[in-house]
Amino acid sequence: MLVIGGGIHGLSTAFHLARRGVAVTVLEADYCGRHASGVNAGGVRTLGRHIEEIPLALSSRALWHELKHTVGDDGGFVPSGQLKLAENPAELEQCRQRVQQLQTLGFEHEVLIDQQAVFEIIPTVARHVVGGIWVKDDGYAVPYKTVTAFRLAAEKLGVRVHESAPAQRIEQSGSLWKVTTPGGVFSAEHLVVTAGAWARELAAQVGEAVPAHPEGLMLMVTHRVAPFCAPVLGATGRSLSFKQFANGTVVIGGKLIGSLDFPARHGEVDMTRLGTSARTVTDLFPHLKHLGVNRVWAGVEAFTADDLPVIGPSRKASNLSYSFGFCGSGFQMGPGTGKRLAQQILGEHSEISLDAFAVDRFDAASPAPTPVFQPATTIPHH
Ligand SMILES: Cc1cc2nc3c(=O)[nH]c(=O)nc-3n(C[C@H](O)[C@H](O)[C@H](O)COP(=O)(O)OP(=O)(O)OC[C@H]3O[C@@H](n4cnc5c(N)ncnc54)[C@H](O)[C@@H]3O)c2cc1C
């Protein structure tokens, strides 16, 4: 089995395949965790997921809680809970409707809480907050530590990882897939494409057009400050996600779009837009007003036209599987999606359907334009 892409999805899939006795080789263009999987905000969030993603996200979350046992390292996972704040009655009503909708569908993980409960969870939050949605088993982890944990666990099971090995051409010849890299040609019966923002280009080589495009997503990290917030926080009416790590630093993001030099495989930050995001934080925590920002960066992530990932077999070629296009929320999905994809490839049964993520779902819809460089904007939390 050949896997193209050494992010969390490629390494998790390789690990779960190797656990079932499959011989796997991973080809990584740069180094493992170099892109989205190693530089993201570390949010392990089931809160606010698309309905179609919820069963897979919940199964992935269960794996996060067992990570130390499964891969030998907890990836820095902290089950801190995640809280989405409502800052006015209209937002609280939105939260109420969301929780009600989930309950109708049988999902109980998102819980509506009132102002008093919010103040108990975060005593330092601004007093205008009126309530929110609380998910106690969500949390956060350390991205690069997690990617490395999957890589080492996979290698222990015999997975071979080749870095600086970009797949330039993929082609099926007889019963074998041949993948050309500058260092030579690799072949295997089954090919898995987990190449993040670059997967669309590989899919195009087998005639599969996927409406996906890359974006540069930004994050900033502050100086250290005394502990003031244990859970991961999001907002209902504005784009925000932030968390305080044990060392006191605060990581601030929330799908903030920067700019992108895609050919150079490089994201760029936009300081004006980061400033807006920083002000959201100080609105909620006025005591942080003079806290300095220590570091900013942007990572490259793949977004699809319907904001859902592509997971499952190609419809154009046999023995080819995809897992990409996680739209800014794929770190949390890594453990569970890798397991589910491995099961699907090996024909094992699972209760979790991947139908909503089939690559041919875009065929019916009239193909949306897929700009490589979108106008600068912020993607709202769903
Ligand atoms: C700033 C930022 C913050 C985020 N915050 C969160 C968060 O808090 N929570 C969350 O759940 N998600 C978050 N995400 C999203 C999450 O990081 C991604 O969805 C996830 O990491 C995608 O993993 P991946 O393995 O599909 O892609 P990647 O990590 O991009 O890995 C793909 C790999 O494939 C390699 N590759 C590409 N082309 C080739 C080729 N031709 N040959 C060989 N290798 C190739 C690349 O070099 C890359 O290493 C965030 C993303 C960013 C950028």
# chains A, B, ... in the order shown; residues from 1 in each chain; ligands from 1

call {"tool": "residues_near_ligand", "arguments": {"ligand": "ligand 1", "cutoff": "7 Å", "atoms": "only C-alpha atoms and all ligand atoms", "output": "ChimeraX atom specification"}}
result
/A:4-10,27-45,165-168,194-199,202,216-219,253,255,298-301,323-333

call {"tool": "closest_atom_pairs", "arguments": {"of": "segment 53-160 of chain A", "to": "segment 273-294 of chain A", "cutoff": "10 Å", "atoms": "only C-alpha atoms", "output": "tab-separated table"}}
result
residue	atom	partner	partner_atom	distance
A:Leu85	CA	A:Leu284	CA	9.6
A:Glu87	CA	A:Leu284	CA	9.1
A:Thr124	CA	A:Phe285	CA	6.9
A:Val125	CA	A:Phe285	CA	5.5
A:Ala126	CA	A:Leu284	CA	5.0
A:Arg127	CA	A:Leu284	CA	8.4
A:His128	CA	A:Leu284	CA	8.5
A:Val129	CA	A:Leu284	CA	8.1

call {"tool": "write_last_selection", "arguments": {"atoms": "N, CA, C and O atoms", "output": "PDB file, in the first residue's frame"}}
result
ATOM      1  N   LEU A  85     -19.452  30.685  23.059  1.00  0.00           N
ATOM      2  CA  LEU A  85     -20.146  31.717  23.824  1.00  0.00           C
ATOM      3  C   LEU A  85     -21.238  32.403  23.015  1.00  0.00           C
ATOM      4  O   LEU A  85     -21.057  32.672  21.825  1.00  0.00           O
ATOM      5  N   GLU A  87     -23.143  36.007  22.965  1.00  0.00           N
ATOM      6  CA  GLU A  87     -22.905  37.342  23.544  1.00  0.00           C
ATOM      7  C   GLU A  87     -24.162  38.197  23.617  1.00  0.00           C
ATOM      8  O   GLU A  87     -24.107  39.343  24.074  1.00  0.00           O
ATOM      9  N   THR A 124     -13.414  34.582  34.550  1.00  0.00           N
ATOM     10  CA  THR A 124     -12.824  35.841  34.082  1.00  0.00           C
ATOM     11  C   THR A 124     -13.488  36.414  32.832  1.00  0.00           C
ATOM     12  O   THR A 124     -13.089  37.472  32.361  1.00  0.00           O
ATOM     13  N   VAL A 125     -14.490  35.737  32.264  1.00  0.00           N
ATOM     14  CA  VAL A 125     -15.053  36.198  30.987  1.00  0.00           C
ATOM     15  C   VAL A 125     -15.902  37.463  31.196  1.00  0.00           C
ATOM     16  O   VAL A 125     -16.472  37.665  32.275  1.00  0.00           O
ATOM     17  N   ALA A 126     -16.003  38.300  30.155  1.00  0.00           N
ATOM     18  CA  ALA A 126     -16.758  39.561  30.242  1.00  0.00           C
ATOM     19  C   ALA A 126     -18.218  39.291  30.627  1.00  0.00           C
ATOM     20  O   ALA A 126     -18.800  38.282  30.227  1.00  0.00           O
ATOM     21  N   ARG A 127     -18.808  40.219  31.377  1.00  0.00           N
ATOM     22  CA  ARG A 127     -20.134  40.015  31.963  1.00  0.00           C
ATOM     23  C   ARG A 127     -21.270  40.114  30.959  1.00  0.00           C
ATOM     24  O   ARG A 127     -22.424  39.817  31.293  1.00  0.00           O
ATOM     25  N   HIS A 128     -20.997  40.547  29.712  1.00  0.00           N
ATOM     26  CA  HIS A 128     -22.118  40.639  28.758  1.00  0.00           C
ATOM     27  C   HIS A 128     -22.477  39.272  28.155  1.00  0.00           C
ATOM     28  O   HIS A 128     -23.503  39.123  27.512  1.00  0.00           O
ATOM     29  N   VAL A 129     -21.639  38.279  28.376  1.00  0.00           N
ATOM     30  CA  VAL A 129     -21.912  36.941  27.828  1.00  0.00           C
ATOM     31  C   VAL A 129     -23.175  36.373  28.485  1.00  0.00           C
ATOM     32  O   VAL A 129     -23.344  36.476  29.703  1.00  0.00           O
TER      33      VAL A 129
END

call {"tool": "select_by_dssp", "arguments": {"residues": "segment 132-237 of chain A", "states": "strand (DSSP E or B)", "output": "PyMOL selection string"}}
result
chain A and resi 132-135+139-140+160-162+169-173+176-181+184-188+191-193+212-222+232-235

call {"tool": "closest_atom_pairs", "arguments": {"of": "segment 190-248 of chain A", "to": "segment 341-349 of chain A", "cutoff": "12 Å", "atoms": "only C-alpha atoms", "output": "JSON lines"}}
result
{"residue": "A:His190", "atom": "CA", "partner": "A:Ile345", "partner_atom": "CA", "distance": 8.7}
{"residue": "A:Leu191", "atom": "CA", "partner": "A:Ile345", "partner_atom": "CA", "distance": 10.1}
{"residue": "A:Val192", "atom": "CA", "partner": "A:Ile345", "partner_atom": "CA", "distance": 9.3}
{"residue": "A:Val193", "atom": "CA", "partner": "A:Leu341", "partner_atom": "CA", "distance": 11.3}
{"residue": "A:Thr194", "atom": "CA", "partner": "A:Leu341", "partner_atom": "CA", "distance": 10.9}

call {"tool": "residues_around", "arguments": {"residues": "segment 259-262 of chain A", "least_positions_apart": "2", "cutoff": "8 Å", "atoms": "only C-alpha atoms", "output": "short mmCIF file (atom, residue, chain, number, x, y, z; two decimals) with N, CA and C atoms, in the first residue's frame"}}
result
data_model
loop_
_atom_site.label_atom_id
_atom_site.label_comp_id
_atom_site.auth_asym_id
_atom_site.auth_seq_id
_atom_site.Cartn_x
_atom_site.Cartn_y
_atom_site.Cartn_z
N PRO A 214 -7.04 25.69 -2.07
CA PRO A 214 -6.21 25.92 -0.88
C PRO A 214 -6.41 27.33 -0.31
N GLU A 215 -6.22 27.45 0.98
CA GLU A 215 -6.23 28.76 1.65
C GLU A 215 -5.08 28.79 2.65
N GLY A 216 -4.62 30.01 2.96
CA GLY A 216 -3.66 30.19 4.06
C GLY A 216 -4.45 30.54 5.31
N LEU A 217 -4.38 29.71 6.33
CA LEU A 217 -5.10 29.97 7.58
C LEU A 217 -4.12 30.47 8.64
N ILE A 257 -8.57 33.73 7.45
CA ILE A 257 -7.91 33.55 6.16
C ILE A 257 -6.83 34.61 5.95
N ALA A 264 4.71 28.18 -4.00
CA ALA A 264 5.84 28.10 -3.05
C ALA A 264 5.46 27.29 -1.81
N ARG A 265 4.22 26.77 -1.77
CA ARG A 265 3.73 25.95 -0.65
C ARG A 265 3.81 26.74 0.65
N HIS A 266 3.30 27.96 0.64
CA HIS A 266 3.58 28.87 1.73
C HIS A 266 2.39 29.80 2.00
N GLY A 267 1.97 29.91 3.27
CA GLY A 267 0.91 30.84 3.66
C GLY A 267 1.52 32.11 4.24
N GLU A 268 0.77 33.24 4.09
CA GLU A 268 1.26 34.53 4.61
C GLU A 268 0.21 35.13 5.54
N VAL A 269 0.65 35.82 6.59
CA VAL A 269 -0.31 36.43 7.50
C VAL A 269 -0.70 37.84 7.04
N ASP A 270 -1.89 38.25 7.48
CA ASP A 270 -2.37 39.60 7.22
C ASP A 270 -2.57 40.23 8.59
N VAL A 300 -1.18 26.01 5.25
CA VAL A 300 -1.95 25.78 4.01
C VAL A 300 -2.97 24.67 4.24
N PHE A 373 -6.97 31.43 -5.67
CA PHE A 373 -6.78 32.53 -4.73
C PHE A 373 -8.13 33.20 -4.52
N ALA A 376 -9.79 37.83 0.10
CA ALA A 376 -9.52 37.73 1.53
C ALA A 376 -10.82 37.81 2.31
#

call {"tool": "residues_around", "arguments": {"residues": "Asp307 of chain A", "least_positions_apart": "3", "cutoff": "12 Å", "atoms": "only C-alpha atoms", "output": "list in words"}}
result
Arg49, His50, Ile51, Glu52, Glu53, Pro211, Ala212, His213, Ala302, Phe303, Thr304, Val310, Phe324, Gly325, Phe326, Cys327, Gly328, Ser329, Gly330, Ala356, Phe357, Phe362, Ile379, Pro380, His381 and His382 of chain A

call {"tool": "closest_residue", "arguments": {"among": "A:Trp134, A:Phe77, A:His69, A:Ile54", "to": "Cys95 of chain A", "atoms": "only C-alpha atoms"}}
result
A:Trp134

call {"tool": "closest_atom_pairs", "arguments": {"of": "segment 160-270 of chain A", "to": "segment 100-123 of chain A", "cutoff": "10 Å", "atoms": "only C-alpha atoms", "output": "CSV"}}
result
residue,atom,partner,partner_atom,distance
A:Phe228,CA,A:Ile122,CA,7.5
A:Cys229,CA,A:Ile122,CA,5.9
A:Ala230,CA,A:Ile122,CA,7.4
A:Pro231,CA,A:Ile121,CA,8.0
A:Leu233,CA,A:Ile122,CA,9.8

call {"tool": "write_last_selection", "arguments": {"atoms": "all heavy atoms", "output": "mmCIF file, in the first residue's frame"}}
result
data_model
loop_
_atom_site.group_PDB
_atom_site.id
_atom_site.type_symbol
_atom_site.label_atom_id
_atom_site.label_comp_id
_atom_site.auth_asym_id
_atom_site.auth_seq_id
_atom_site.Cartn_x
_atom_site.Cartn_y
_atom_site.Cartn_z
ATOM 1 N N PHE A 228 -6.120 31.849 33.083
ATOM 2 C CA PHE A 228 -7.418 32.532 33.220
ATOM 3 C C PHE A 228 -8.530 31.785 32.507
ATOM 4 O O PHE A 228 -9.701 32.120 32.652
ATOM 5 C CB PHE A 228 -7.327 33.978 32.679
ATOM 6 C CG PHE A 228 -7.171 34.035 31.172
ATOM 7 C CD1 PHE A 228 -8.282 34.214 30.349
ATOM 8 C CD2 PHE A 228 -5.929 33.881 30.587
ATOM 9 C CE1 PHE A 228 -8.134 34.248 28.976
ATOM 10 C CE2 PHE A 228 -5.778 33.911 29.208
ATOM 11 C CZ PHE A 228 -6.877 34.097 28.408
ATOM 12 N N CYS A 229 -8.176 30.757 31.715
ATOM 13 C CA CYS A 229 -9.210 30.122 30.900
ATOM 14 C C CYS A 229 -8.807 28.665 30.648
ATOM 15 O O CYS A 229 -7.824 28.410 29.958
ATOM 16 C CB CYS A 229 -9.324 30.892 29.583
ATOM 17 S SG CYS A 229 -10.494 30.173 28.452
ATOM 18 N N ALA A 230 -9.557 27.730 31.192
ATOM 19 C CA ALA A 230 -9.187 26.315 31.018
ATOM 20 C C ALA A 230 -9.697 25.718 29.700
ATOM 21 O O ALA A 230 -8.945 25.048 29.003
ATOM 22 C CB ALA A 230 -9.681 25.512 32.205
ATOM 23 N N PRO A 231 -10.962 25.951 29.325
ATOM 24 C CA PRO A 231 -11.439 25.289 28.100
ATOM 25 C C PRO A 231 -11.034 26.032 26.827
ATOM 26 O O PRO A 231 -10.529 27.157 26.896
ATOM 27 C CB PRO A 231 -12.959 25.338 28.248
ATOM 28 C CG PRO A 231 -13.235 26.502 29.118
ATOM 29 C CD PRO A 231 -12.037 26.697 29.999
ATOM 30 N N LEU A 233 -12.235 28.154 23.724
ATOM 31 C CA LEU A 233 -13.383 29.035 23.542
ATOM 32 C C LEU A 233 -13.628 29.376 22.086
ATOM 33 O O LEU A 233 -12.689 29.630 21.328
ATOM 34 C CB LEU A 233 -13.144 30.361 24.264
ATOM 35 C CG LEU A 233 -13.304 30.403 25.767
ATOM 36 C CD1 LEU A 233 -13.365 31.849 26.221
ATOM 37 C CD2 LEU A 233 -14.550 29.667 26.207
#

call {"tool": "select_by_dssp", "arguments": {"residues": "segment 182-364 of chain A", "states": "alpha helix (DSSP H)", "output": "MDAnalysis selection string"}}
result
chainID A and resid 199:204 271:284 330:345 361:364

call {"tool": "write_last_selection", "arguments": {"atoms": "N, CA and C atoms", "output": "short mmCIF file (atom, residue, chain, number, x, y, z; two decimals), in the first residue's frame"}}
result
data_model
loop_
_atom_site.label_atom_id
_atom_site.label_comp_id
_atom_site.auth_asym_id
_atom_site.auth_seq_id
_atom_site.Cartn_x
_atom_site.Cartn_y
_atom_site.Cartn_z
N ALA A 199 -3.96 17.52 -2.87
CA ALA A 199 -4.60 16.27 -3.31
C ALA A 199 -5.40 16.49 -4.59
N ARG A 200 -6.00 17.67 -4.73
CA ARG A 200 -6.82 17.93 -5.91
C ARG A 200 -6.02 17.74 -7.18
N GLU A 201 -4.74 18.15 -7.15
CA GLU A 201 -3.91 18.04 -8.35
C GLU A 201 -3.62 16.58 -8.69
N LEU A 202 -3.48 15.75 -7.65
CA LEU A 202 -3.23 14.33 -7.90
C LEU A 202 -4.50 13.66 -8.42
N ALA A 203 -5.65 14.04 -7.84
CA ALA A 203 -6.93 13.48 -8.32
C ALA A 203 -7.14 13.84 -9.79
N ALA A 204 -6.74 15.06 -10.15
CA ALA A 204 -6.92 15.50 -11.55
C ALA A 204 -6.14 14.61 -12.51
N MET A 271 -1.69 41.16 8.96
CA MET A 271 -1.69 41.69 10.33
C MET A 271 -2.97 42.46 10.65
N THR A 272 -3.57 43.11 9.65
CA THR A 272 -4.80 43.87 9.93
C THR A 272 -5.91 42.92 10.37
N ARG A 273 -6.03 41.82 9.64
CA ARG A 273 -7.08 40.87 10.00
C ARG A 273 -6.79 40.19 11.35
N LEU A 274 -5.52 39.96 11.62
CA LEU A 274 -5.19 39.37 12.92
C LEU A 274 -5.55 40.34 14.04
N GLY A 275 -5.40 41.64 13.76
CA GLY A 275 -5.73 42.67 14.75
C GLY A 275 -7.21 42.59 15.13
N THR A 276 -8.08 42.40 14.12
CA THR A 276 -9.53 42.29 14.39
C THR A 276 -9.78 41.12 15.31
N SER A 277 -9.10 40.04 15.05
CA SER A 277 -9.31 38.84 15.85
C SER A 277 -8.82 39.04 17.29
N ALA A 278 -7.70 39.75 17.42
CA ALA A 278 -7.16 40.01 18.76
C ALA A 278 -8.15 40.86 19.55
N ARG A 279 -8.84 41.81 18.85
CA ARG A 279 -9.81 42.66 19.55
C ARG A 279 -11.00 41.86 20.05
N THR A 280 -11.39 40.81 19.32
CA THR A 280 -12.48 39.96 19.80
C THR A 280 -12.08 39.34 21.14
N VAL A 281 -10.84 38.96 21.24
CA VAL A 281 -10.39 38.34 22.49
C VAL A 281 -10.42 39.36 23.64
N THR A 282 -9.98 40.60 23.35
CA THR A 282 -9.95 41.58 24.45
C THR A 282 -11.36 42.07 24.79
N ASP A 283 -12.32 41.95 23.83
CA ASP A 283 -13.72 42.25 24.18
C ASP A 283 -14.22 41.26 25.23
N LEU A 284 -13.79 40.01 25.08
CA LEU A 284 -14.26 38.96 25.98
C LEU A 284 -13.44 38.90 27.27
N GLY A 330 -9.69 19.43 10.34
CA GLY A 330 -9.33 18.02 10.14
C GLY A 330 -8.36 17.43 11.15
N PHE A 331 -7.79 18.26 12.01
CA PHE A 331 -6.86 17.70 13.00
C PHE A 331 -7.63 16.76 13.93
N GLN A 332 -8.75 17.25 14.43
CA GLN A 332 -9.58 16.43 15.32
C GLN A 332 -9.99 15.12 14.64
N MET A 333 -10.22 15.17 13.34
CA MET A 333 -10.75 14.01 12.62
C MET A 333 -9.67 12.96 12.32
N GLY A 334 -8.38 13.32 12.50
CA GLY A 334 -7.29 12.46 12.05
C GLY A 334 -7.33 11.03 12.58
N PRO A 335 -7.38 10.86 13.90
CA PRO A 335 -7.35 9.48 14.42
C PRO A 335 -8.52 8.63 13.89
N GLY A 336 -9.72 9.18 13.93
CA GLY A 336 -10.90 8.40 13.55
C GLY A 336 -11.01 8.16 12.05
N THR A 337 -10.65 9.17 11.26
CA THR A 337 -10.76 9.01 9.81
C THR A 337 -9.74 8.01 9.30
N GLY A 338 -8.53 8.05 9.86
CA GLY A 338 -7.50 7.07 9.46
C GLY A 338 -7.98 5.65 9.71
N LYS A 339 -8.61 5.45 10.86
CA LYS A 339 -9.11 4.12 11.21
C LYS A 339 -10.24 3.69 10.27
N ARG A 340 -11.18 4.62 10.06
CA ARG A 340 -12.34 4.28 9.23
C ARG A 340 -11.94 4.03 7.78
N LEU A 341 -11.00 4.83 7.27
CA LEU A 341 -10.56 4.63 5.89
C LEU A 341 -9.83 3.29 5.74
N ALA A 342 -9.00 2.96 6.73
CA ALA A 342 -8.31 1.65 6.69
C ALA A 342 -9.34 0.53 6.67
N GLN A 343 -10.39 0.67 7.49
CA GLN A 343 -11.44 -0.36 7.51
C GLN A 343 -12.11 -0.47 6.15
N GLN A 344 -12.40 0.68 5.55
CA GLN A 344 -13.08 0.66 4.26
C GLN A 344 -12.20 0.00 3.20
N ILE A 345 -10.93 0.34 3.19
CA ILE A 345 -10.01 -0.22 2.19
C ILE A 345 -9.94 -1.75 2.34
N ARG A 361 -20.05 13.17 -5.07
CA ARG A 361 -21.20 13.99 -4.66
C ARG A 361 -21.24 15.32 -5.39
N PHE A 362 -20.10 15.75 -5.90
CA PHE A 362 -20.04 17.04 -6.59
C PHE A 362 -20.56 16.94 -8.02
N ASP A 363 -20.65 15.71 -8.55
CA ASP A 363 -21.03 15.55 -9.96
C ASP A 363 -22.42 16.11 -10.24
N ALA A 364 -23.36 15.86 -9.31
CA ALA A 364 -24.74 16.28 -9.50
C ALA A 364 -24.84 17.80 -9.52
#

call {"tool": "residues_around", "arguments": {"residues": "segment 178-180 of chain A", "least_positions_apart": "4", "cutoff": "6 Å", "atoms": "only C-alpha atoms", "output": "PyMOL selection string"}}
result
chain A and resi 167-171+185-187

call {"tool": "write_last_selection", "arguments": {"atoms": "C-alpha atoms", "output": "short mmCIF file (atom, residue, chain, number, x, y, z; two decimals), in the first residue's frame"}}
result
data_model
loop_
_atom_site.label_atom_id
_atom_site.label_comp_id
_atom_site.auth_asym_id
_atom_site.auth_seq_id
_atom_site.Cartn_x
_atom_site.Cartn_y
_atom_site.Cartn_z
CA ALA A 167 4.78 12.31 -5.92
CA GLN A 168 4.99 13.95 -9.35
CA ARG A 169 2.96 11.50 -11.39
CA ILE A 170 0.51 8.75 -10.47
CA GLU A 171 -0.61 6.16 -12.99
CA VAL A 185 9.31 5.05 -8.92
CA PHE A 186 7.29 3.38 -6.16
CA SER A 187 4.56 0.85 -6.88
#

call {"tool": "atom_distance", "arguments": {"atom1": "atom CA of Leu157 of chain A", "atom2": "atom CA of Val26 of chain A"}}
result
12.9 Å

call {"tool": "residues_around", "arguments": {"residues": "Gln172 of chain A", "least_positions_apart": "2", "cutoff": "9 Å", "atoms": "only C-alpha atoms", "output": "count of residues only"}}
result
11

call {"tool": "residues_around", "arguments": {"residues": "segment 158-161 of chain A", "least_positions_apart": "2", "cutoff": "6 Å", "atoms": "only C-alpha atoms", "output": "number ranges by chain"}}
result
A: 24-26, 154-156

call {"tool": "closest_residue", "arguments": {"among": "A:Ala141, A:Val130, A:Leu320, A:Val225", "to": "Pro89 of chain A", "atoms": "only C-alpha atoms"}}
result
A:Val130

call {"tool": "closest_residue", "arguments": {"among": "A:Lys243, A:Arg20, A:Arg96, A:Lys316", "to": "Gly139 of chain A", "atoms": "only C-alpha atoms"}}
result
A:Lys243

call {"tool": "closest_residue", "arguments": {"among": "A:Pro263, A:Pro227, A:Pro55, A:Gly81", "to": "Thr249 of chain A", "atoms": "only C-alpha atoms"}}
result
A:Pro227

call {"tool": "decode", "arguments": {"residues": "segment 317-325 of chain A", "atoms": "all heavy atoms", "output": "PDB file, in the first residue's frame"}}
result
ATOM      1  N   ALA A 317     -10.978   5.425 -10.863  1.00  0.00           N
ATOM      2  CA  ALA A 317      -9.926   4.416 -10.965  1.00  0.00           C
ATOM      3  C   ALA A 317     -10.087   3.425  -9.810  1.00  0.00           C
ATOM      4  O   ALA A 317     -10.591   3.784  -8.743  1.00  0.00           O
ATOM      5  CB  ALA A 317      -8.550   5.082 -10.884  1.00  0.00           C
ATOM      6  N   SER A 318      -9.658   2.191 -10.033  1.00  0.00           N
ATOM      7  CA  SER A 318      -9.775   1.167  -8.990  1.00  0.00           C
ATOM      8  C   SER A 318      -8.594   1.271  -8.022  1.00  0.00           C
ATOM      9  O   SER A 318      -7.524   1.801  -8.362  1.00  0.00           O
ATOM     10  CB  SER A 318      -9.800  -0.217  -9.627  1.00  0.00           C
ATOM     11  OG  SER A 318      -8.632  -0.394 -10.401  1.00  0.00           O
ATOM     12  N   ASN A 319      -8.809   0.755  -6.817  1.00  0.00           N
ATOM     13  CA  ASN A 319      -7.740   0.691  -5.803  1.00  0.00           C
ATOM     14  C   ASN A 319      -7.067   2.037  -5.539  1.00  0.00           C
ATOM     15  O   ASN A 319      -5.849   2.117  -5.341  1.00  0.00           O
ATOM     16  CB  ASN A 319      -6.674  -0.339  -6.197  1.00  0.00           C
ATOM     17  CG  ASN A 319      -7.254  -1.735  -6.205  1.00  0.00           C
ATOM     18  OD1 ASN A 319      -8.188  -2.009  -5.465  1.00  0.00           O
ATOM     19  ND2 ASN A 319      -6.715  -2.606  -7.044  1.00  0.00           N
ATOM     20  N   LEU A 320      -7.877   3.070  -5.560  1.00  0.00           N
ATOM     21  CA  LEU A 320      -7.391   4.418  -5.247  1.00  0.00           C
ATOM     22  C   LEU A 320      -8.355   5.023  -4.222  1.00  0.00           C
ATOM     23  O   LEU A 320      -9.567   5.035  -4.451  1.00  0.00           O
ATOM     24  CB  LEU A 320      -7.369   5.280  -6.520  1.00  0.00           C
ATOM     25  CG  LEU A 320      -7.066   6.768  -6.334  1.00  0.00           C
ATOM     26  CD1 LEU A 320      -5.668   6.985  -5.754  1.00  0.00           C
ATOM     27  CD2 LEU A 320      -7.187   7.508  -7.684  1.00  0.00           C
ATOM     28  N   SER A 321      -7.818   5.477  -3.084  1.00  0.00           N
ATOM     29  CA  SER A 321      -8.666   6.088  -2.047  1.00  0.00           C
ATOM     30  C   SER A 321      -8.163   7.483  -1.721  1.00  0.00           C
ATOM     31  O   SER A 321      -6.969   7.758  -1.827  1.00  0.00           O
ATOM     32  CB  SER A 321      -8.630   5.248  -0.758  1.00  0.00           C
ATOM     33  OG  SER A 321      -9.043   3.935  -1.012  1.00  0.00           O
ATOM     34  N   TYR A 322      -9.128   8.316  -1.295  1.00  0.00           N
ATOM     35  CA  TYR A 322      -8.793   9.696  -0.934  1.00  0.00           C
ATOM     36  C   TYR A 322      -9.159   9.979   0.511  1.00  0.00           C
ATOM     37  O   TYR A 322     -10.104   9.398   1.055  1.00  0.00           O
ATOM     38  CB  TYR A 322      -9.602  10.686  -1.783  1.00  0.00           C
ATOM     39  CG  TYR A 322      -9.404  10.614  -3.267  1.00  0.00           C
ATOM     40  CD1 TYR A 322     -10.474  10.316  -4.101  1.00  0.00           C
ATOM     41  CD2 TYR A 322      -8.165  10.880  -3.840  1.00  0.00           C
ATOM     42  CE1 TYR A 322     -10.317  10.273  -5.476  1.00  0.00           C
ATOM     43  CE2 TYR A 322      -8.003  10.839  -5.211  1.00  0.00           C
ATOM     44  CZ  TYR A 322      -9.079  10.534  -6.029  1.00  0.00           C
ATOM     45  OH  TYR A 322      -8.913  10.491  -7.385  1.00  0.00           O
ATOM     46  N   SER A 323      -8.473  10.940   1.096  1.00  0.00           N
ATOM     47  CA  SER A 323      -8.885  11.518   2.373  1.00  0.00           C
ATOM     48  C   SER A 323      -8.242  12.904   2.445  1.00  0.00           C
ATOM     49  O   SER A 323      -7.066  13.033   2.756  1.00  0.00           O
ATOM     50  CB  SER A 323      -8.416  10.622   3.524  1.00  0.00           C
ATOM     51  OG  SER A 323      -8.940  11.073   4.739  1.00  0.00           O
ATOM     52  N   PHE A 324      -9.019  13.911   2.095  1.00  0.00           N
ATOM     53  CA  PHE A 324      -8.458  15.278   2.083  1.00  0.00           C
ATOM     54  C   PHE A 324      -9.605  16.297   2.084  1.00  0.00           C
ATOM     55  O   PHE A 324     -10.777  15.934   1.999  1.00  0.00           O
ATOM     56  CB  PHE A 324      -7.561  15.498   0.856  1.00  0.00           C
ATOM     57  CG  PHE A 324      -8.276  15.504  -0.478  1.00  0.00           C
ATOM     58  CD1 PHE A 324      -8.741  16.693  -1.048  1.00  0.00           C
ATOM     59  CD2 PHE A 324      -8.481  14.323  -1.172  1.00  0.00           C
ATOM     60  CE1 PHE A 324      -9.396  16.701  -2.278  1.00  0.00           C
ATOM     61  CE2 PHE A 324      -9.139  14.317  -2.402  1.00  0.00           C
ATOM     62  CZ  PHE A 324      -9.593  15.500  -2.953  1.00  0.00           C
ATOM     63  N   GLY A 325      -9.229  17.574   2.188  1.00  0.00           N
ATOM     64  CA  GLY A 325     -10.231  18.650   2.101  1.00  0.00           C
ATOM     65  C   GLY A 325     -10.972  18.839   3.411  1.00  0.00           C
ATOM     66  O   GLY A 325     -12.197  18.942   3.433  1.00  0.00           O
TER      67      GLY A 325
END
